[in-house]
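protein08.txt (compact mmCIF, C-alpha atoms) appears below.
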# COMPACT_ATOMS: atom_id res chain seq x y z
CA MET A 214 -13.70 -22.21 -19.83
CA THR A 215 -15.03 -20.68 -23.04
CA LEU A 216 -13.14 -21.01 -26.32
CA ASP A 217 -14.24 -18.70 -29.10
CA ARG A 218 -12.31 -18.25 -32.34
CA SER A 219 -13.09 -16.56 -35.61
CA PHE A 220 -11.51 -17.90 -38.78
CA GLN A 221 -11.75 -17.63 -42.54
CA VAL A 222 -11.31 -20.23 -45.24
CA GLN A 223 -9.85 -19.14 -48.56
CA LEU A 224 -12.06 -20.43 -51.37
CA ARG A 225 -11.79 -20.04 -55.13
CA GLN A 226 -14.48 -20.28 -57.77
CA ARG A 227 -13.12 -20.87 -61.29
CA VAL A 228 -15.41 -20.48 -64.31
CA LEU A 229 -14.12 -21.07 -67.83
CA PHE A 230 -16.08 -20.61 -71.06
CA THR A 231 -14.81 -22.51 -74.07
CA GLN A 232 -15.85 -24.26 -77.29
CA ASP A 233 -15.47 -27.95 -78.13
CA VAL A 234 -14.07 -28.86 -74.73
CA PHE A 235 -13.20 -32.44 -75.74
CA SER A 236 -11.15 -31.50 -78.79
CA PRO A 237 -7.61 -32.86 -78.24
CA GLU A 238 -6.24 -29.36 -78.87
CA ASN A 239 -8.40 -27.77 -76.15
CA THR A 240 -6.43 -27.37 -72.91
CA THR A 241 -9.31 -26.13 -70.71
CA LEU A 242 -10.21 -29.38 -68.94
CA ALA A 243 -6.56 -30.41 -68.60
CA SER A 244 -5.73 -27.02 -67.08
CA VAL A 245 -8.03 -27.57 -64.10
CA CYS A 246 -6.67 -31.08 -63.45
CA CYS A 247 -3.29 -29.62 -62.56
CA ASP A 248 -2.23 -32.02 -59.80
CA THR A 249 1.13 -33.64 -60.51
CA LEU A 250 -0.05 -36.89 -58.92
CA GLN A 251 -2.10 -39.43 -60.85
CA ARG A 252 -5.77 -38.85 -60.05
CA ARG A 253 -8.97 -40.54 -61.14
CA VAL A 254 -12.22 -39.22 -62.59
CA ILE A 255 -15.74 -40.57 -62.87
CA ALA A 256 -18.19 -38.80 -65.16
CA PHE A 257 -21.98 -38.55 -64.85
CA ILE A 258 -23.86 -37.43 -67.95
CA ASP A 259 -27.40 -36.07 -68.15
CA SER A 260 -29.53 -38.54 -70.15
CA GLY A 261 -30.78 -35.73 -72.39
CA VAL A 262 -27.21 -34.66 -73.13
CA HIS A 263 -26.22 -38.25 -73.85
CA GLN A 264 -29.11 -38.63 -76.27
CA ALA A 265 -28.01 -35.50 -78.13
CA HIS A 266 -24.31 -36.43 -77.95
CA PRO A 267 -24.14 -40.26 -77.84
CA ASP A 268 -20.36 -40.28 -78.35
CA ILE A 269 -19.63 -37.97 -75.42
CA GLY A 270 -18.15 -40.69 -73.18
CA GLU A 271 -15.87 -41.87 -75.97
CA ARG A 272 -14.80 -38.30 -76.71
CA LEU A 273 -13.96 -37.71 -73.06
CA ALA A 274 -11.87 -40.91 -72.92
CA ASN A 275 -10.04 -40.00 -76.14
CA TYR A 276 -9.40 -36.48 -74.84
CA LEU A 277 -7.84 -37.65 -71.58
CA GLY A 278 -5.79 -40.28 -73.38
CA ALA A 279 -4.47 -37.78 -75.92
CA ARG A 280 -3.55 -35.21 -73.26
CA ALA A 281 -1.82 -37.86 -71.15
CA LYS A 282 0.33 -38.89 -74.11
CA ILE A 283 1.79 -35.41 -74.34
CA GLY A 284 2.52 -35.23 -70.63
CA GLU A 285 -0.50 -33.36 -69.32
CA PRO A 286 -1.39 -34.14 -65.67
CA VAL A 287 -4.89 -35.41 -66.48
CA PRO A 288 -6.83 -37.90 -64.36
CA GLU A 289 -7.44 -41.51 -65.32
CA LEU A 290 -11.02 -42.09 -66.47
CA LYS A 291 -12.57 -44.85 -64.38
CA MET A 292 -16.22 -44.76 -65.36
CA VAL A 293 -18.86 -42.91 -67.37
CA GLU A 294 -22.50 -43.27 -66.32
CA VAL A 295 -25.71 -41.79 -67.69
CA VAL A 296 -28.10 -40.39 -65.06
CA SER A 297 -31.69 -39.16 -65.19
CA GLY A 298 -31.94 -35.73 -66.74
CA GLY A 299 -34.17 -32.78 -65.91
CA GLU A 300 -35.93 -32.34 -62.59
CA GLU A 301 -36.30 -36.13 -62.31
CA ALA A 302 -32.65 -36.17 -61.23
CA LYS A 303 -33.61 -34.19 -58.11
CA ASN A 304 -36.86 -35.90 -57.21
CA SER A 305 -35.21 -38.81 -55.42
CA ILE A 306 -31.93 -39.69 -53.73
CA ASP A 307 -31.04 -42.13 -56.54
CA VAL A 308 -28.53 -40.01 -58.48
CA CYS A 309 -26.83 -38.90 -55.28
CA GLU A 310 -26.45 -42.50 -54.11
CA GLN A 311 -25.24 -43.53 -57.57
CA VAL A 312 -22.42 -40.98 -57.27
CA MET A 313 -21.46 -42.12 -53.77
CA ALA A 314 -21.49 -45.80 -54.76
CA ALA A 315 -19.27 -45.13 -57.77
CA THR A 316 -16.92 -43.04 -55.64
CA ASP A 317 -16.49 -46.04 -53.36
CA ARG A 318 -16.32 -48.63 -56.14
CA TYR A 319 -13.65 -46.89 -58.19
CA GLY A 320 -11.46 -45.63 -55.36
CA ILE A 321 -12.13 -41.94 -55.89
CA ASP A 322 -10.22 -40.10 -53.18
CA ARG A 323 -10.83 -36.55 -51.97
CA LYS A 324 -8.42 -35.14 -54.55
CA SER A 325 -9.79 -37.09 -57.47
CA PHE A 326 -12.67 -35.79 -59.59
CA VAL A 327 -16.37 -36.17 -60.14
CA LEU A 328 -17.34 -34.65 -63.48
CA ALA A 329 -21.00 -33.62 -63.80
CA ILE A 330 -22.18 -32.95 -67.36
CA GLY A 331 -25.73 -31.68 -67.74
CA GLY A 332 -28.38 -29.16 -66.87
CA GLY A 333 -28.81 -27.48 -63.51
CA ALA A 334 -30.82 -30.32 -61.93
CA VAL A 335 -28.15 -32.90 -62.77
CA LEU A 336 -25.40 -30.59 -61.53
CA ASP A 337 -27.32 -30.22 -58.23
CA ALA A 338 -27.92 -33.95 -57.73
CA VAL A 339 -24.47 -35.15 -58.79
CA GLY A 340 -22.93 -32.32 -56.77
CA LEU A 341 -24.76 -33.47 -53.65
CA GLY A 342 -23.30 -36.96 -54.01
CA ALA A 343 -19.82 -35.52 -54.58
CA THR A 344 -20.00 -33.36 -51.45
CA LEU A 345 -21.21 -36.23 -49.26
CA ALA A 346 -18.61 -38.78 -50.38
CA HIS A 347 -15.51 -38.40 -48.19
CA ARG A 348 -17.08 -35.11 -47.01
CA GLY A 349 -16.31 -33.76 -50.47
CA VAL A 350 -14.39 -34.84 -53.55
CA ARG A 351 -13.34 -32.45 -56.30
CA LEU A 352 -16.37 -31.58 -58.41
CA ILE A 353 -16.10 -30.24 -61.94
CA ARG A 354 -19.37 -28.89 -63.28
CA MET A 355 -19.91 -28.87 -67.02
CA PRO A 356 -23.25 -27.04 -67.61
CA THR A 357 -25.02 -27.83 -70.87
CA THR A 358 -28.09 -25.54 -70.77
CA THR A 359 -28.60 -21.80 -70.93
CA LEU A 360 -29.97 -21.73 -67.40
CA ALA A 361 -27.10 -23.79 -66.00
CA MET A 362 -24.50 -21.61 -67.71
CA ASP A 363 -25.95 -18.22 -66.80
CA ASP A 364 -26.99 -19.09 -63.24
CA ALA A 365 -27.17 -22.59 -61.73
CA ALA A 366 -23.57 -23.68 -62.26
CA MET A 367 -22.25 -20.42 -60.81
CA GLY A 368 -23.63 -21.14 -57.34
CA VAL A 369 -22.18 -23.17 -54.50
CA LYS A 370 -25.39 -25.09 -53.77
CA ASN A 371 -26.17 -28.76 -54.34
CA GLY A 372 -29.46 -30.40 -53.56
CA ILE A 373 -32.52 -32.48 -54.26
CA ASN A 374 -36.26 -32.01 -53.75
CA LYS A 375 -37.92 -33.61 -50.75
CA PHE A 376 -41.32 -33.57 -49.03
CA GLY A 377 -42.82 -31.78 -52.03
CA LYS A 378 -40.43 -28.87 -51.50
CA LYS A 379 -37.82 -27.54 -53.89
CA ASN A 380 -34.19 -28.05 -52.78
CA PHE A 381 -35.18 -29.24 -49.30
CA SER A 382 -32.08 -31.43 -48.90
CA GLY A 383 -28.68 -30.13 -49.89
CA THR A 384 -25.24 -28.77 -49.12
CA PHE A 385 -23.04 -25.79 -49.84
CA SER A 386 -19.74 -26.56 -51.54
CA VAL A 387 -17.52 -24.64 -53.94
CA PRO A 388 -16.86 -26.71 -57.09
CA TRP A 389 -13.29 -27.32 -58.16
CA ALA A 390 -14.14 -25.69 -61.49
CA VAL A 391 -16.99 -24.85 -63.85
CA ILE A 392 -16.37 -25.40 -67.56
CA ALA A 393 -19.05 -24.10 -69.93
CA ASP A 394 -18.81 -25.42 -73.49
CA GLU A 395 -20.90 -23.18 -75.74
CA GLN A 396 -21.42 -25.97 -78.29
CA PHE A 397 -23.75 -27.82 -75.94
CA LEU A 398 -26.31 -25.04 -76.40
CA THR A 399 -26.66 -25.78 -80.12
CA THR A 400 -28.55 -29.04 -79.48
CA LEU A 401 -31.12 -27.57 -77.07
CA THR A 402 -34.73 -27.17 -78.13
CA ASP A 403 -35.92 -23.58 -78.49
CA GLN A 404 -37.85 -23.86 -75.21
CA GLN A 405 -34.79 -25.19 -73.37
CA PHE A 406 -32.62 -22.48 -74.88
CA LEU A 407 -34.95 -19.56 -74.14
CA CYS A 408 -36.15 -20.47 -70.64
CA GLY A 409 -32.69 -19.89 -69.19
CA PHE A 410 -32.87 -16.21 -70.13
CA SER A 411 -35.39 -15.61 -67.35
CA GLU A 412 -32.44 -15.71 -64.95
CA ALA A 413 -30.59 -13.17 -67.08
CA VAL A 414 -33.64 -10.90 -66.98
CA LYS A 415 -33.75 -11.37 -63.20
CA ILE A 416 -30.11 -10.48 -62.58
CA GLY A 417 -30.35 -7.52 -64.97
CA CYS A 418 -33.35 -6.18 -63.09
CA LEU A 419 -31.51 -6.58 -59.79
CA LYS A 420 -27.98 -5.50 -60.56
CA ASP A 421 -27.34 -4.26 -64.08
CA PRO A 422 -29.86 -2.10 -65.99
CA SER A 423 -27.53 -2.12 -69.00
CA LEU A 424 -27.85 -5.91 -69.19
CA PHE A 425 -31.62 -5.64 -68.99
CA ASN A 426 -31.55 -3.02 -71.76
CA LEU A 427 -29.41 -5.32 -73.89
CA ILE A 428 -31.92 -8.15 -73.45
CA GLU A 429 -34.88 -5.85 -74.09
CA GLN A 430 -33.36 -4.46 -77.27
CA ASN A 431 -32.23 -7.82 -78.64
CA ALA A 432 -35.06 -10.17 -77.69
CA SER A 433 -35.76 -11.03 -81.34
CA LYS A 434 -32.09 -11.94 -81.89
CA ILE A 435 -32.12 -14.12 -78.78
CA VAL A 436 -35.26 -15.90 -80.02
CA ALA A 437 -33.46 -16.41 -83.35
CA ARG A 438 -30.56 -17.85 -81.30
CA ASP A 439 -28.00 -15.35 -82.54
CA PRO A 440 -24.83 -16.77 -80.96
CA LEU A 441 -22.96 -13.50 -80.48
CA ILE A 442 -25.64 -11.61 -78.59
CA SER A 443 -26.89 -14.70 -76.75
CA MET A 444 -23.46 -15.65 -75.44
CA ALA A 445 -22.69 -12.06 -74.45
CA ILE A 446 -25.82 -12.03 -72.28
CA ILE A 447 -25.19 -15.52 -70.86
CA LYS A 448 -21.62 -14.62 -69.90
CA ARG A 449 -22.60 -11.31 -68.30
CA SER A 450 -25.36 -13.02 -66.34
CA ALA A 451 -22.89 -15.68 -65.19
CA GLU A 452 -20.43 -12.98 -64.15
CA LEU A 453 -23.04 -11.11 -62.10
CA HIS A 454 -24.19 -14.30 -60.36
CA LEU A 455 -20.60 -15.28 -59.62
CA ASP A 456 -19.70 -11.81 -58.33
CA HIS A 457 -22.65 -11.87 -55.94
CA ILE A 458 -21.49 -15.19 -54.51
CA ALA A 459 -17.78 -14.38 -54.36
CA GLN A 460 -18.04 -10.73 -53.32
CA GLY A 461 -21.41 -10.52 -51.59
CA SER A 462 -20.11 -11.85 -48.24
CA ASP A 463 -22.94 -14.39 -47.86
CA ALA A 464 -22.07 -17.27 -50.19
CA PHE A 465 -23.48 -19.87 -47.80
CA GLU A 466 -26.66 -17.89 -47.11
CA THR A 467 -26.27 -17.35 -43.37
CA ASN A 468 -28.29 -14.15 -43.63
CA GLU A 469 -32.07 -14.12 -43.89
CA ALA A 470 -32.19 -12.29 -47.21
CA ARG A 471 -31.47 -14.01 -50.52
CA PRO A 472 -31.69 -11.19 -53.08
CA LEU A 473 -30.86 -13.31 -56.13
CA ASP A 474 -34.11 -15.19 -55.57
CA PHE A 475 -36.24 -12.35 -56.93
CA GLY A 476 -39.32 -14.03 -58.42
CA HIS A 477 -38.39 -17.38 -56.89
CA TRP A 478 -40.80 -17.78 -53.99
CA ALA A 479 -43.67 -18.28 -56.43
CA ALA A 480 -41.47 -20.08 -58.97
CA HIS A 481 -40.45 -22.78 -56.50
CA LYS A 482 -44.03 -23.28 -55.37
CA LEU A 483 -45.33 -23.48 -58.94
CA GLU A 484 -42.75 -26.12 -59.76
CA SER A 485 -43.82 -28.32 -56.86
CA MET A 486 -47.54 -27.67 -57.49
CA SER A 487 -47.06 -28.87 -61.07
CA THR A 488 -45.03 -31.89 -59.90
CA TYR A 489 -42.15 -30.23 -61.73
CA GLU A 490 -43.80 -30.21 -65.14
CA ILE A 491 -43.15 -26.45 -65.26
CA ALA A 492 -39.48 -25.91 -66.10
CA HIS A 493 -37.53 -23.83 -63.60
CA GLY A 494 -36.75 -21.07 -66.11
CA ASP A 495 -40.40 -20.78 -67.09
CA ALA A 496 -41.46 -20.74 -63.43
CA VAL A 497 -38.98 -17.95 -62.72
CA ALA A 498 -40.41 -15.88 -65.59
CA ILE A 499 -43.91 -16.26 -64.11
CA GLY A 500 -42.60 -15.43 -60.62
CA ILE A 501 -40.87 -12.29 -61.88
CA ALA A 502 -44.06 -11.13 -63.60
CA LEU A 503 -46.12 -11.79 -60.46
CA ASP A 504 -43.73 -9.89 -58.18
CA CYS A 505 -43.59 -6.98 -60.61
CA GLU A 506 -47.39 -6.74 -60.66
CA TYR A 507 -47.42 -6.93 -56.87
CA ALA A 508 -44.77 -4.21 -56.49
CA VAL A 509 -46.77 -1.89 -58.76
CA ARG A 510 -49.89 -2.38 -56.65
CA MET A 511 -47.88 -1.69 -53.49
CA LYS A 512 -46.67 1.55 -55.12
CA MET A 513 -43.08 0.43 -55.01
CA LEU A 514 -42.35 -0.10 -58.70
CA PRO A 515 -43.38 2.28 -61.50
CA GLN A 516 -45.94 0.78 -63.86
CA ALA A 517 -43.70 1.64 -66.80
CA ASP A 518 -40.85 -0.48 -65.43
CA SER A 519 -43.17 -3.42 -64.81
CA ASN A 520 -44.54 -3.12 -68.32
CA ARG A 521 -41.03 -3.20 -69.78
CA ILE A 522 -40.04 -6.28 -67.79
CA ILE A 523 -43.17 -8.26 -68.60
CA ALA A 524 -43.00 -7.22 -72.27
CA SER A 525 -39.38 -8.43 -72.42
CA LEU A 526 -40.32 -11.80 -70.93
CA LYS A 527 -43.07 -12.18 -73.52
CA ALA A 528 -40.72 -11.09 -76.32
CA LEU A 529 -38.41 -13.92 -75.23
CA ARG A 530 -41.41 -16.27 -75.56
CA LEU A 531 -41.37 -16.91 -71.82
CA PRO A 532 -44.63 -17.45 -69.91
CA THR A 533 -46.00 -14.85 -67.50
CA TRP A 534 -49.08 -16.82 -66.47
CA HIS A 535 -50.09 -20.37 -65.57
CA PRO A 536 -53.51 -21.68 -64.45
CA LEU A 537 -51.98 -23.00 -61.22
CA LEU A 538 -51.57 -19.39 -60.08
CA SER A 539 -55.32 -19.34 -59.52
CA GLN A 540 -54.91 -21.75 -56.60
CA ILE A 541 -54.11 -18.79 -54.37
CA ASP A 542 -54.22 -20.55 -51.00
CA GLN A 543 -51.78 -23.21 -52.14
CA LEU A 544 -49.58 -20.65 -53.91
CA LEU A 545 -49.34 -18.53 -50.77
CA ARG A 546 -48.00 -21.52 -48.82
CA GLY A 547 -44.89 -20.93 -50.87
CA LEU A 548 -44.18 -17.81 -48.81
CA GLU A 549 -43.94 -19.77 -45.57
CA GLU A 550 -41.89 -22.49 -47.24
CA PHE A 551 -39.56 -19.80 -48.55
CA ARG A 552 -39.21 -18.25 -45.08
CA GLU A 553 -38.56 -21.66 -43.55
CA HIS A 554 -35.90 -22.44 -46.14
CA LEU A 555 -34.10 -19.18 -45.31
CA GLY A 556 -34.34 -19.85 -41.58
CA GLY A 557 -35.62 -16.56 -40.20
CA ARG A 558 -38.20 -13.88 -40.82
CA MET A 559 -39.69 -13.61 -44.26
CA ASN A 560 -37.53 -11.74 -46.76
CA ILE A 561 -38.89 -11.27 -50.25
CA THR A 562 -36.93 -9.26 -52.80
CA LEU A 563 -39.00 -6.78 -54.81
CA LEU A 564 -38.02 -4.11 -57.30
CA LYS A 565 -38.16 -0.36 -56.77
CA SER A 566 -36.90 0.22 -60.30
CA ILE A 567 -34.92 -1.65 -62.91
CA GLY A 568 -31.56 -1.91 -61.16
CA GLU A 569 -32.76 -1.22 -57.61
CA SER A 570 -34.37 -3.69 -55.21
CA THR A 571 -35.53 -3.85 -51.61
CA GLU A 572 -36.62 -6.47 -49.08
CA VAL A 573 -40.12 -6.80 -47.65
CA HIS A 574 -41.05 -8.95 -44.67
CA GLN A 575 -44.67 -9.67 -45.45
CA MET A 576 -46.91 -9.83 -48.49
CA ASP A 577 -50.58 -8.91 -48.65
CA SER A 578 -52.49 -12.00 -49.80
CA ALA A 579 -55.30 -9.91 -51.29
CA VAL A 580 -52.80 -7.93 -53.37
CA VAL A 581 -51.12 -11.16 -54.48
CA ALA A 582 -54.54 -12.41 -55.63
CA ALA A 583 -55.20 -9.16 -57.50
CA SER A 584 -51.79 -9.44 -59.15
CA VAL A 585 -52.58 -12.97 -60.27
CA LYS A 586 -55.84 -11.80 -61.84
CA ALA A 587 -54.03 -9.01 -63.67
CA LEU A 588 -51.57 -11.49 -65.21
CA ALA A 589 -54.42 -13.67 -66.44
CA HIS A 590 -55.68 -10.94 -68.80

What is this structure when it is put down as structure tokens?
Amino acid sequence: MTLDRSFQVQLRQRVLFTQDVFSPENTTLASVCCDTLQRRVIAFIDSGVHQAHPDIGERLANYLGARAKIGEPVPELKMVEVVSGGEEAKNSIDVCEQVMAATDRYGIDRKSFVLAIGGGAVLDAVGLGATLAHRGVRLIRMPTTTLAMDDAAMGVKNGINKFGKKNFSGTFSVPWAVIADEQFLTTLTDQQFLCGFSEAVKIGCLKDPSLFNLIEQNASKIVARDPLISMAIIKRSAELHLDHIAQGSDAFETNEARPLDFGHWAAHKLESMSTYEIAHGDAVAIGIALDCEYAVRMKMLPQADSNRIIASLKALRLPTWHPLLSQIDQLLRGLEEFREHLGGRMNITLLKSIGESTEVHQMDSAVVAASVKALAH
């Protein structure tokens, strides 16, 4: 006997942008904790965020207490812990195990909440622990960096680095909600603030030429951290990333192509080659520049479009070169690692124009080397 059934699971991705999320008058967090039963919450805070906002745990406790007093169905806060920030959070299983241990210790059931507050790496590592405990507890992501808000928090991936490879271990799971508080961006360094815009450049090049034009025309305002134009770009980038996941029919990446990873095969390899000293956003900027140079040499992308993209990255004070690129043999291993991660034949996304992309199934190593040399000048 053979039993064969097809079925669908209805999933929902909720993303809310707000300001001053822990103000007692702000209903955003309370609105996503809408269960009428008493639930619990444990919060994990990026060490860098905690350093910039040392009262954040107290503010969260006061917020939940104040909302509970007026009858809001908010969870009971059981614990607040600070975890390693940056890529260090993903370079071991420690944060993931910390989440699972706390879930057990404080009686967090599958309908209680894990709140992850931090950059993309912390969201990934805490999210992995949340999806493994009880096969998944409710995860609320609270991104605190540009890159997390305009890209990382929008996805349904959780993971850590392993065997010298980016995101080798991980899961797919839709978070209960994503809450982006714009005020967190005000305490970022300029480098932290700007490097996240590489993902906005990427998604503009892939899906929305008008977004790319907006970035190109307003690079100086972004560098000056103009809040109006910066947030407009961050929100549009987030929307495009979310739409691809929710409406692109391949949220869990069962296909061989992963178009949103334009520029990422080299970026991921550069990160691991540098032992993660190169920030992800910076690595993506370099990867975009490399793939643009390559596409020009393969007569796929007009030189003028490549020039505009690379000039925009530089105007945003993002790197387009790193000495590690010169280690061509090691860099090219990133192609096979990328193919292996996708689980099929090689699929690399390249541009045909700003707003139009295609997939290629092999890359000429000599042309990659020539592209690297061009970026060095």

I'd like the neighbourhood of Val254 (chain A) as an NGL selection string, where a residue qualifies if any of its atoms comes within 7 Å (using only C-alpha atoms), though same-chain residues fewer than 3 positions away should be ignored.
:A and (288-291 or 325-328)

The residue from A:Ala329, A:Ile501, A:Ala365, A:Val308 with the smallest atom-to-atom distance to Leu588 (chain A), counting all atoms listed in the file, is A:Ile501

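Using only C-alpha atoms, the shortest contact distance between Val245 (chain A) and any of A:Leu341, A:Leu352, A:Leu336, A:Ile269 is found at A:Leu352.
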
In Å, rounded to a single decimal, give me how far CA of Asn304 (chain A) is from CA of Thr316 (chain A).
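So the two atoms, CA of Thr316 (chain A) and CA of Asn304 (chain A), lie 21.2 Å apart.
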
Once 4 Å is added on each side, what are the centre and the three edge lengths, in Å to one decimal, of the axis-aligned box enclosing the listed atoms of region 402-420 of chain A? Present them as lines of an AutoDock Vina configuration file.
center_x = -32.9
center_y = -16.3
center_z = -69.1
size_x = 17.9
size_y = 29.7
size_z = 26.7

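Checking A:Thr358, A:Thr215, A:Ser236, A:Thr344 one by one against Leu398 (chain A), counting only C-alpha atoms, you find the shortest gap at A:Thr358.
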
Mind giving me the straight-line distance from CA of Val585 (chain A) to CA of Gly547 (chain A) in Å, one decimal?
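If I compute the distance from CA of Val585 (chain A) to CA of Gly547 (chain A), I get 14.5 Å.
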
Can I get the residues of region 520-564 of chain A within 9 Å of region 425-428 of chain A, each with the closest pair of atoms and their distance in Å to one decimal, using all atoms listed in the file, sorted chain first then ascending number, as a tab-separated table?
residue	atom	partner	partner_atom	distance
A:Ile522	CA	A:Phe425	CA	8.5
A:Ser525	CA	A:Ile428	CA	7.5
A:Leu529	CA	A:Ile428	CA	8.9

Applying 7 Å and only C-alpha atoms, which residues near region 505-512 of chain A remain after dropping the ones on its own chain fewer than 4 positions away? List them as a list in words.
Ile501, Gln516, Ser519, Leu563, Leu564, Val580, Val581 and Ser584 of chain A

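Using only C-alpha atoms, the nearest neighbour of Gly340 (chain A) within the list A:Pro532, A:Gly284, A:Phe381, A:Ala256 is A:Ala256.
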
Can you pull out the residues contacting Ala479 (chain A)? Cut-off 12 Å, using all atoms listed in the file, and skip same-chain residues under 2 positions away; I want them as a PDB file with C-alpha atoms, in the coordinates of the input.
ATOM      1  CA  LYS A 379     -37.820 -27.540 -53.890  1.00  0.00           C
ATOM      2  CA  ASP A 474     -34.110 -15.190 -55.570  1.00  0.00           C
ATOM      3  CA  PHE A 475     -36.240 -12.350 -56.930  1.00  0.00           C
ATOM      4  CA  GLY A 476     -39.320 -14.030 -58.420  1.00  0.00           C
ATOM      5  CA  HIS A 477     -38.390 -17.380 -56.890  1.00  0.00           C
ATOM      6  CA  HIS A 481     -40.450 -22.780 -56.500  1.00  0.00           C
ATOM      7  CA  LYS A 482     -44.030 -23.280 -55.370  1.00  0.00           C
ATOM      8  CA  LEU A 483     -45.330 -23.480 -58.940  1.00  0.00           C
ATOM      9  CA  GLU A 484     -42.750 -26.120 -59.760  1.00  0.00           C
ATOM     10  CA  SER A 485     -43.820 -28.320 -56.860  1.00  0.00           C
ATOM     11  CA  MET A 486     -47.540 -27.670 -57.490  1.00  0.00           C
ATOM     12  CA  HIS A 493     -37.530 -23.830 -63.600  1.00  0.00           C
ATOM     13  CA  ASP A 495     -40.400 -20.780 -67.090  1.00  0.00           C
ATOM     14  CA  ALA A 496     -41.460 -20.740 -63.430  1.00  0.00           C
ATOM     15  CA  VAL A 497     -38.980 -17.950 -62.720  1.00  0.00           C
ATOM     16  CA  ALA A 498     -40.410 -15.880 -65.590  1.00  0.00           C
ATOM     17  CA  ILE A 499     -43.910 -16.260 -64.110  1.00  0.00           C
ATOM     18  CA  GLY A 500     -42.600 -15.430 -60.620  1.00  0.00           C
ATOM     19  CA  ILE A 501     -40.870 -12.290 -61.880  1.00  0.00           C
ATOM     20  CA  ALA A 502     -44.060 -11.130 -63.600  1.00  0.00           C
ATOM     21  CA  LEU A 503     -46.120 -11.790 -60.460  1.00  0.00           C
ATOM     22  CA  ASP A 504     -43.730  -9.890 -58.180  1.00  0.00           C
ATOM     23  CA  TYR A 507     -47.420  -6.930 -56.870  1.00  0.00           C
ATOM     24  CA  THR A 533     -46.000 -14.850 -67.500  1.00  0.00           C
ATOM     25  CA  TRP A 534     -49.080 -16.820 -66.470  1.00  0.00           C
ATOM     26  CA  HIS A 535     -50.090 -20.370 -65.570  1.00  0.00           C
ATOM     27  CA  LEU A 537     -51.980 -23.000 -61.220  1.00  0.00           C
ATOM     28  CA  LEU A 538     -51.570 -19.390 -60.080  1.00  0.00           C
ATOM     29  CA  GLN A 540     -54.910 -21.750 -56.600  1.00  0.00           C
ATOM     30  CA  ILE A 541     -54.110 -18.790 -54.370  1.00  0.00           C
ATOM     31  CA  GLN A 543     -51.780 -23.210 -52.140  1.00  0.00           C
ATOM     32  CA  LEU A 544     -49.580 -20.650 -53.910  1.00  0.00           C
ATOM     33  CA  LEU A 545     -49.340 -18.530 -50.770  1.00  0.00           C
ATOM     34  CA  ARG A 546     -48.000 -21.520 -48.820  1.00  0.00           C
ATOM     35  CA  GLY A 547     -44.890 -20.930 -50.870  1.00  0.00           C
ATOM     36  CA  LEU A 548     -44.180 -17.810 -48.810  1.00  0.00           C
ATOM     37  CA  GLU A 549     -43.940 -19.770 -45.570  1.00  0.00           C
ATOM     38  CA  GLU A 550     -41.890 -22.490 -47.240  1.00  0.00           C
ATOM     39  CA  PHE A 551     -39.560 -19.800 -48.550  1.00  0.00           C
ATOM     40  CA  ILE A 561     -38.890 -11.270 -50.250  1.00  0.00           C
ATOM     41  CA  THR A 562     -36.930  -9.260 -52.800  1.00  0.00           C
ATOM     42  CA  VAL A 581     -51.120 -11.160 -54.480  1.00  0.00           C
ATOM     43  CA  VAL A 585     -52.580 -12.970 -60.270  1.00  0.00           C
TER      44      VAL A 585
END

Please list as a ChimeraX atom specification every residue within 10 Å of Met313 (chain A), counting all atoms listed in the file and excluding residues in the same chain fewer than 4 positions away.
/A:307-309,317-318,321,339,341-347
